[in-house]
Amino acid sequence: MAPGVPRTAPTASAPASPLPADPPAEAAGPLERGLTVLRLVADAPRSVRPGDLARATGLARSTVDRITATLTHLDYLRAAGRDLAPAPRLMEFGNAYLHASGASRALRPSLERLARALDESVSAIVLDGCDARIVGTAVPPGRVIPLGFRVGDLLPAERCAAGAVLATGWRPETYDAWRARRAADPLDENFPAVPPRRTAEPPGRTEADFAAWTAAADADGWALDDQLVAPGLVALAVPVRDPDGRPVCAISVLAHTGRHSGDALRAHALATMTEEARRIADALYGPSRAAVVPPAAPAPGYADAKPELGPSFLQALARGLAVLTALGGRRGGLTLAEAAGAAGLSYPSTRRNLLTLRQLGYVEQRGRRFLPSPRVLELGYARLSTLTLADIAQPHLAELAGRVRESASLAVLDGTEVHYVARAATEQITSARITPGTRLPAYATSMGRVLLADLPEAERRERIDALRPRALTPHTLTSPRALAATLDRVAREGHALVDQELEAGLRSLAVPVRDRSGRAVGAVNIALHAGPEPPERTGDALLPALRACAARIESDLAVAFADGPVRTG
């Protein structure tokens with residue numbers, strides 16, 4: 001097995017279908033190899049180079065170059081020189097699973113209620129092969145150092161309470177896969193989310209111990225993990241059951257032993273968790289399920305880049321990934337014909353790709369419908385799910401600064417100030433000495449005016465009243481009435497130009513950065529020396545590049561925060 005590639009546990013056989021027994025090698029090869037490269041790049045702690053990928057996979061360097069060129073064109077990978085790193089769009093696959101399974105809508109309200117009620121971190125966990133995959137998390141508000149794992153993290157089933165709960169529904173072939181995984185990785189070294197074992201069979205963690213733990217979880221309706229997943233941590237898990245009584249998900253609360261012993265955590269949380277598990281089951285299987293609508297912005301179908309990129313573009317890889325993403329377009333998945341239509345591909349091409357994805361464990365089949373499996377979350381979701389607005393904006397700011405040869409920044413509104421959270425500075429004599437963390441008065445800055453202009457009218461008036469503007473230069477706008485009129489114009493035009501109001505000789509141009517709902521969550525600007533040319537000419541020259549940068553940031557935000565608010569810090 002190539003270093004860094006996650007092990008893929010055997011899975012239960014899929015339901016009978018009209019799909020062929022084996023995919024054609026010419027269709028399966030590029031997709032399978034492309035997914036392997038994505039896993040390698042996603043799992044690497046730092047950026048990697050094509051040569052590293054060739055050595056890890058055993059593929060020819062020319063093959064790796066074609067794969068990475070295709071993945072970079074599709075914006076699943078980003079290149080900085082020879083280095084490759086996962087891009088936010090890679091989260092599309094995990095989002096497709098969360099939408100198609102209904103997990104994103106069914107789990108989030110319950111997890112947030114539990115985190116507030118219990119004042120502890122909570123997770124939703126499902127079975128992935130023979131192990132436990134985190135598919136939802138929530139942390140209590142105000143906690144300085146919240147515990148917990150990331151969405152997408154994989155845990156050994158025998159080392160977490162959720163694993164014991166989910167194992168109550170295992171079939172014999174799942175146990176066989178679990179034994180094979182333990183034999184291949186006795187120290188849990190392929191589980192980066194948990195500390196590795198010191199010995200292969202520590203006391204209390206044998207197969208017999210796990211079987212007894214699972215039997216107790218089945219009888220009690222809950223399982224307790226007292227420092228199995230990691231020293232100093234205790235967890236309680238309860239099942240979410242389908243209409244046939246099978247555990248399809250586990251809800252887990254995690255606490256530090258300094259706050260709760262195992263018995264204390266059970267007394268504190270069990271009743272609340274059991275009730276919330278019933279609510280989740282109702283959301284997944286009850287009458288309210290019919291009211292759930294598909295995602296508002298389904299992923300675009302396959303677009304052929306062969307004419308543009310020539311031999312370096314792997315059509316088979318791009319088509320397979322388009323099919324995988326398309327399956328998230330509707331809760332419960334898509335039929336083969338629906339998947340072909342959503343992906344923009346022919347019926348035979350979609351059929352071949354679905355079989356390949358199913359054999360690789362990335363797609364499940366339920367009757368006539370296909371949907372992504374939890375395994376797609378291994379494609380960088382855990383790593384990318386920790387990104388903030390600043391993380392996402394930084395490479396785009398660097399590109400903008402390099403293109404216009406002026407400094408570019410991103411800021412958020414904090415009360416009456418703008419708070420700089422990301423910046424790409426140029427080395428010029430006239431460059432402003434601003435760094436992330438800098439705070440400036442919103443009324444005298446282009447980014448502040450863009451953000452103030454986006455507020456609802458009543459709130460905007462309140463902010464203007466609270467600003468108490470003063471003259472920072474002879475050009476500073478200080479009249480509340482004039483400032484209100486300026487903000488009205490900024491709201492209409494969608495940009496703000498401020499000329500020497502913050503500091504003599506400094507001119508800046510800003511546009512908003514919006515989330516999926518259209519709300520401005522930040523603003524991006526270009527700051528430059530106020531030379532002899534009129535300010536309007538600065539806007540004409542720089543506004544197209546600035547808006548293009550904001551659009552690229554917004555595209556990434558729409559994927560990275562498809563189901564929740566943008567993290568600004």
# chains A, B, ... in the order shown; residues from 1 in each chain; ligands from 1
call {"tool": "select_by_dssp", "arguments": {"residues": "segment 345-410 of chain A", "states": "strand (DSSP E)", "output": "MDAnalysis selection string"}}
result
chainID A and resid 363:366 369:372 407:410
call {"tool": "closest_atom_pairs", "arguments": {"of": "segment 222-291 of chain A", "to": "segment 108-114 of chain A", "cutoff": "10 Å", "atoms": "only C-alpha atoms", "output": "tab-separated table"}}
result
residue	atom	partner	partner_atom	distance
A:Ile251	CA	A:Leu111	CA	8.3
A:Ser252	CA	A:Leu111	CA	9.5
A:Val253	CA	A:Leu114	CA	8.6
A:Ala269	CA	A:Leu114	CA	8.9
A:Thr272	CA	A:Leu114	CA	7.5
A:Met273	CA	A:Leu114	CA	7.2
A:Glu275	CA	A:Ser110	CA	9.9
A:Glu276	CA	A:Ser110	CA	6.2
A:Ala277	CA	A:Ser110	CA	8.1
A:Arg279	CA	A:Ser110	CA	7.6
A:Ile280	CA	A:Ser110	CA	6.9
A:Ala283	CA	A:Ser110	CA	9.9
call {"tool": "write_last_selection", "arguments": {"atoms": "N, CA, C and O atoms", "output": "PDB file, in the first residue's frame"}}
result
ATOM      1  N   ILE A 251     -24.941   9.057  18.332  1.00  0.00           N
ATOM      2  CA  ILE A 251     -24.714  10.398  18.872  1.00  0.00           C
ATOM      3  C   ILE A 251     -23.802  10.249  20.078  1.00  0.00           C
ATOM      4  O   ILE A 251     -24.083   9.458  20.991  1.00  0.00           O
ATOM      5  N   SER A 252     -22.708  10.994  20.066  1.00  0.00           N
ATOM      6  CA  SER A 252     -21.682  10.831  21.107  1.00  0.00           C
ATOM      7  C   SER A 252     -21.370  12.173  21.748  1.00  0.00           C
ATOM      8  O   SER A 252     -21.288  13.193  21.064  1.00  0.00           O
ATOM      9  N   VAL A 253     -21.207  12.165  23.064  1.00  0.00           N
ATOM     10  CA  VAL A 253     -20.762  13.352  23.789  1.00  0.00           C
ATOM     11  C   VAL A 253     -19.388  13.045  24.359  1.00  0.00           C
ATOM     12  O   VAL A 253     -19.137  11.951  24.874  1.00  0.00           O
ATOM     13  N   ALA A 269     -25.919  13.067  30.917  1.00  0.00           N
ATOM     14  CA  ALA A 269     -26.252  13.227  29.501  1.00  0.00           C
ATOM     15  C   ALA A 269     -27.201  12.194  28.922  1.00  0.00           C
ATOM     16  O   ALA A 269     -27.826  12.452  27.891  1.00  0.00           O
ATOM     17  N   THR A 272     -31.031  13.076  28.044  1.00  0.00           N
ATOM     18  CA  THR A 272     -31.115  14.122  27.019  1.00  0.00           C
ATOM     19  C   THR A 272     -30.703  13.586  25.656  1.00  0.00           C
ATOM     20  O   THR A 272     -31.339  13.874  24.630  1.00  0.00           O
ATOM     21  N   MET A 273     -29.644  12.794  25.622  1.00  0.00           N
ATOM     22  CA  MET A 273     -29.166  12.247  24.353  1.00  0.00           C
ATOM     23  C   MET A 273     -30.165  11.254  23.759  1.00  0.00           C
ATOM     24  O   MET A 273     -30.387  11.227  22.543  1.00  0.00           O
ATOM     25  N   GLU A 275     -33.393  11.202  24.107  1.00  0.00           N
ATOM     26  CA  GLU A 275     -34.522  11.942  23.543  1.00  0.00           C
ATOM     27  C   GLU A 275     -34.135  12.599  22.219  1.00  0.00           C
ATOM     28  O   GLU A 275     -34.905  12.604  21.254  1.00  0.00           O
ATOM     29  N   GLU A 276     -32.931  13.152  22.157  1.00  0.00           N
ATOM     30  CA  GLU A 276     -32.502  13.810  20.921  1.00  0.00           C
ATOM     31  C   GLU A 276     -32.295  12.790  19.803  1.00  0.00           C
ATOM     32  O   GLU A 276     -32.550  13.086  18.630  1.00  0.00           O
ATOM     33  N   ALA A 277     -31.850  11.585  20.145  1.00  0.00           N
ATOM     34  CA  ALA A 277     -31.700  10.535  19.133  1.00  0.00           C
ATOM     35  C   ALA A 277     -33.045  10.192  18.509  1.00  0.00           C
ATOM     36  O   ALA A 277     -33.135   9.908  17.306  1.00  0.00           O
ATOM     37  N   ARG A 279     -35.505  12.315  18.104  1.00  0.00           N
ATOM     38  CA  ARG A 279     -35.828  13.427  17.203  1.00  0.00           C
ATOM     39  C   ARG A 279     -35.086  13.281  15.880  1.00  0.00           C
ATOM     40  O   ARG A 279     -35.631  13.561  14.805  1.00  0.00           O
ATOM     41  N   ILE A 280     -33.830  12.866  15.942  1.00  0.00           N
ATOM     42  CA  ILE A 280     -33.058  12.683  14.707  1.00  0.00           C
ATOM     43  C   ILE A 280     -33.671  11.569  13.866  1.00  0.00           C
ATOM     44  O   ILE A 280     -33.793  11.703  12.634  1.00  0.00           O
ATOM     45  N   ALA A 283     -36.533  12.947  12.088  1.00  0.00           N
ATOM     46  CA  ALA A 283     -36.131  13.814  10.982  1.00  0.00           C
ATOM     47  C   ALA A 283     -35.655  13.008   9.779  1.00  0.00           C
ATOM     48  O   ALA A 283     -35.853  13.404   8.630  1.00  0.00           O
TER      49      ALA A 283
END
call {"tool": "residues_around", "arguments": {"residues": "segment 80-84 of chain A", "least_positions_apart": "4", "cutoff": "10 Å", "atoms": "only C-alpha atoms", "output": "number ranges by chain"}}
result
A: 41-42, 46-51, 68, 72, 395
call {"tool": "residues_around", "arguments": {"residues": "Ala527 of chain A", "least_positions_apart": "4", "cutoff": "10 Å", "atoms": "only C-alpha atoms", "output": "PyMOL selection string"}}
result
chain A and resi 401+406-409+425+430-432+446+498-499+506-510
call {"tool": "closest_residue", "arguments": {"among": "A:Ala217, A:Ala69, A:Leu228, A:Leu324", "to": "Thr168 of chain A", "atoms": "only C-alpha atoms"}}
result
A:Ala217
call {"tool": "atom_distance", "arguments": {"atom1": "atom CA of Ala541 of chain A", "atom2": "atom CA of Asn525 of chain A"}}
result
13.5 Å
call {"tool": "select_by_dssp", "arguments": {"residues": "segment 147-351 of chain A", "states": "helix (DSSP H, G or I)", "output": "number ranges by chain"}}
result
A: 157-159, 161-169, 172-184, 207-220, 262-285, 287-291, 306-312, 315-329, 336-343, 347-351
call {"tool": "atom_distance", "arguments": {"atom1": "atom CA of Ala339 of chain A", "atom2": "atom CA of Val151 of chain A"}}
result
25.9 Å
call {"tool": "residues_around", "arguments": {"residues": "Ala444 of chain A", "least_positions_apart": "2", "cutoff": "6 Å", "atoms": "only C-alpha atoms", "output": "PyMOL selection string"}}
result
chain A and resi 441-442+501-502
call {"tool": "write_last_selection", "arguments": {"atoms": "C-alpha atoms", "output": "tab-separated table (two decimals), in the first residue's frame"}}
result
chain	number	residue	atom	x	y	z
A	441	PRO	CA	-12.42	52.97	11.91
A	442	ALA	CA	-15.05	51.64	9.51
A	501	GLU	CA	-9.70	59.94	4.17
A	502	LEU	CA	-7.85	57.51	6.44
call {"tool": "atom_distance", "arguments": {"atom1": "atom CA of Gly169 of chain A", "atom2": "atom CA of Gly262 of chain A"}}
result
24.2 Å
call {"tool": "residues_around", "arguments": {"residues": "segment 396-400 of chain A", "least_positions_apart": "4", "cutoff": "12 Å", "atoms": "only C-alpha atoms", "output": "PyMOL selection string"}}
result
chain A and resi 78-80+87+389-392+404-411+421-426+523-527+542-556
call {"tool": "closest_residue", "arguments": {"among": "A:Arg198, A:His529, A:Arg266, A:Arg259", "to": "Gly221 of chain A", "atoms": "only C-alpha atoms"}}
result
A:Arg266
call {"tool": "closest_residue", "arguments": {"among": "A:Arg89, A:His268, A:Arg39, A:Arg375", "to": "Arg133 of chain A", "atoms": "only C-alpha atoms"}}
result
A:Arg375
call {"tool": "residues_around", "arguments": {"residues": "Leu154 of chain A", "least_positions_apart": "4", "cutoff": "8 Å", "atoms": "only C-alpha atoms", "output": "PDB file with N, CA and C atoms, in the first residue's frame"}}
result
ATOM      1  N   ASP A 131     -15.441   0.741  10.511  1.00  0.00           N
ATOM      2  CA  ASP A 131     -14.995   1.739  11.475  1.00  0.00           C
ATOM      3  C   ASP A 131     -15.993   2.887  11.557  1.00  0.00           C
ATOM      4  N   ALA A 132     -15.676   3.892  12.335  1.00  0.00           N
ATOM      5  CA  ALA A 132     -16.618   4.953  12.687  1.00  0.00           C
ATOM      6  C   ALA A 132     -16.167   6.273  12.078  1.00  0.00           C
ATOM      7  N   ARG A 133     -17.045   6.891  11.299  1.00  0.00           N
ATOM      8  CA  ARG A 133     -16.721   8.141  10.611  1.00  0.00           C
ATOM      9  C   ARG A 133     -17.549   9.278  11.202  1.00  0.00           C
ATOM     10  N   ILE A 134     -16.902  10.372  11.578  1.00  0.00           N
ATOM     11  CA  ILE A 134     -17.592  11.549  12.096  1.00  0.00           C
ATOM     12  C   ILE A 134     -18.298  12.266  10.938  1.00  0.00           C
ATOM     13  N   PHE A 191      -4.935   5.841  11.527  1.00  0.00           N
ATOM     14  CA  PHE A 191      -6.022   6.664  12.070  1.00  0.00           C
ATOM     15  C   PHE A 191      -5.416   7.934  12.667  1.00  0.00           C
ATOM     16  N   ALA A 193      -6.553  10.669  13.519  1.00  0.00           N
ATOM     17  CA  ALA A 193      -7.352  11.422  14.497  1.00  0.00           C
ATOM     18  C   ALA A 193      -7.168  10.927  15.923  1.00  0.00           C
ATOM     19  N   GLU A 378     -13.271  11.000   3.424  1.00  0.00           N
ATOM     20  CA  GLU A 378     -11.827  10.849   3.568  1.00  0.00           C
ATOM     21  C   GLU A 378     -11.077  11.701   2.544  1.00  0.00           C
TER      22      GLU A 378
END
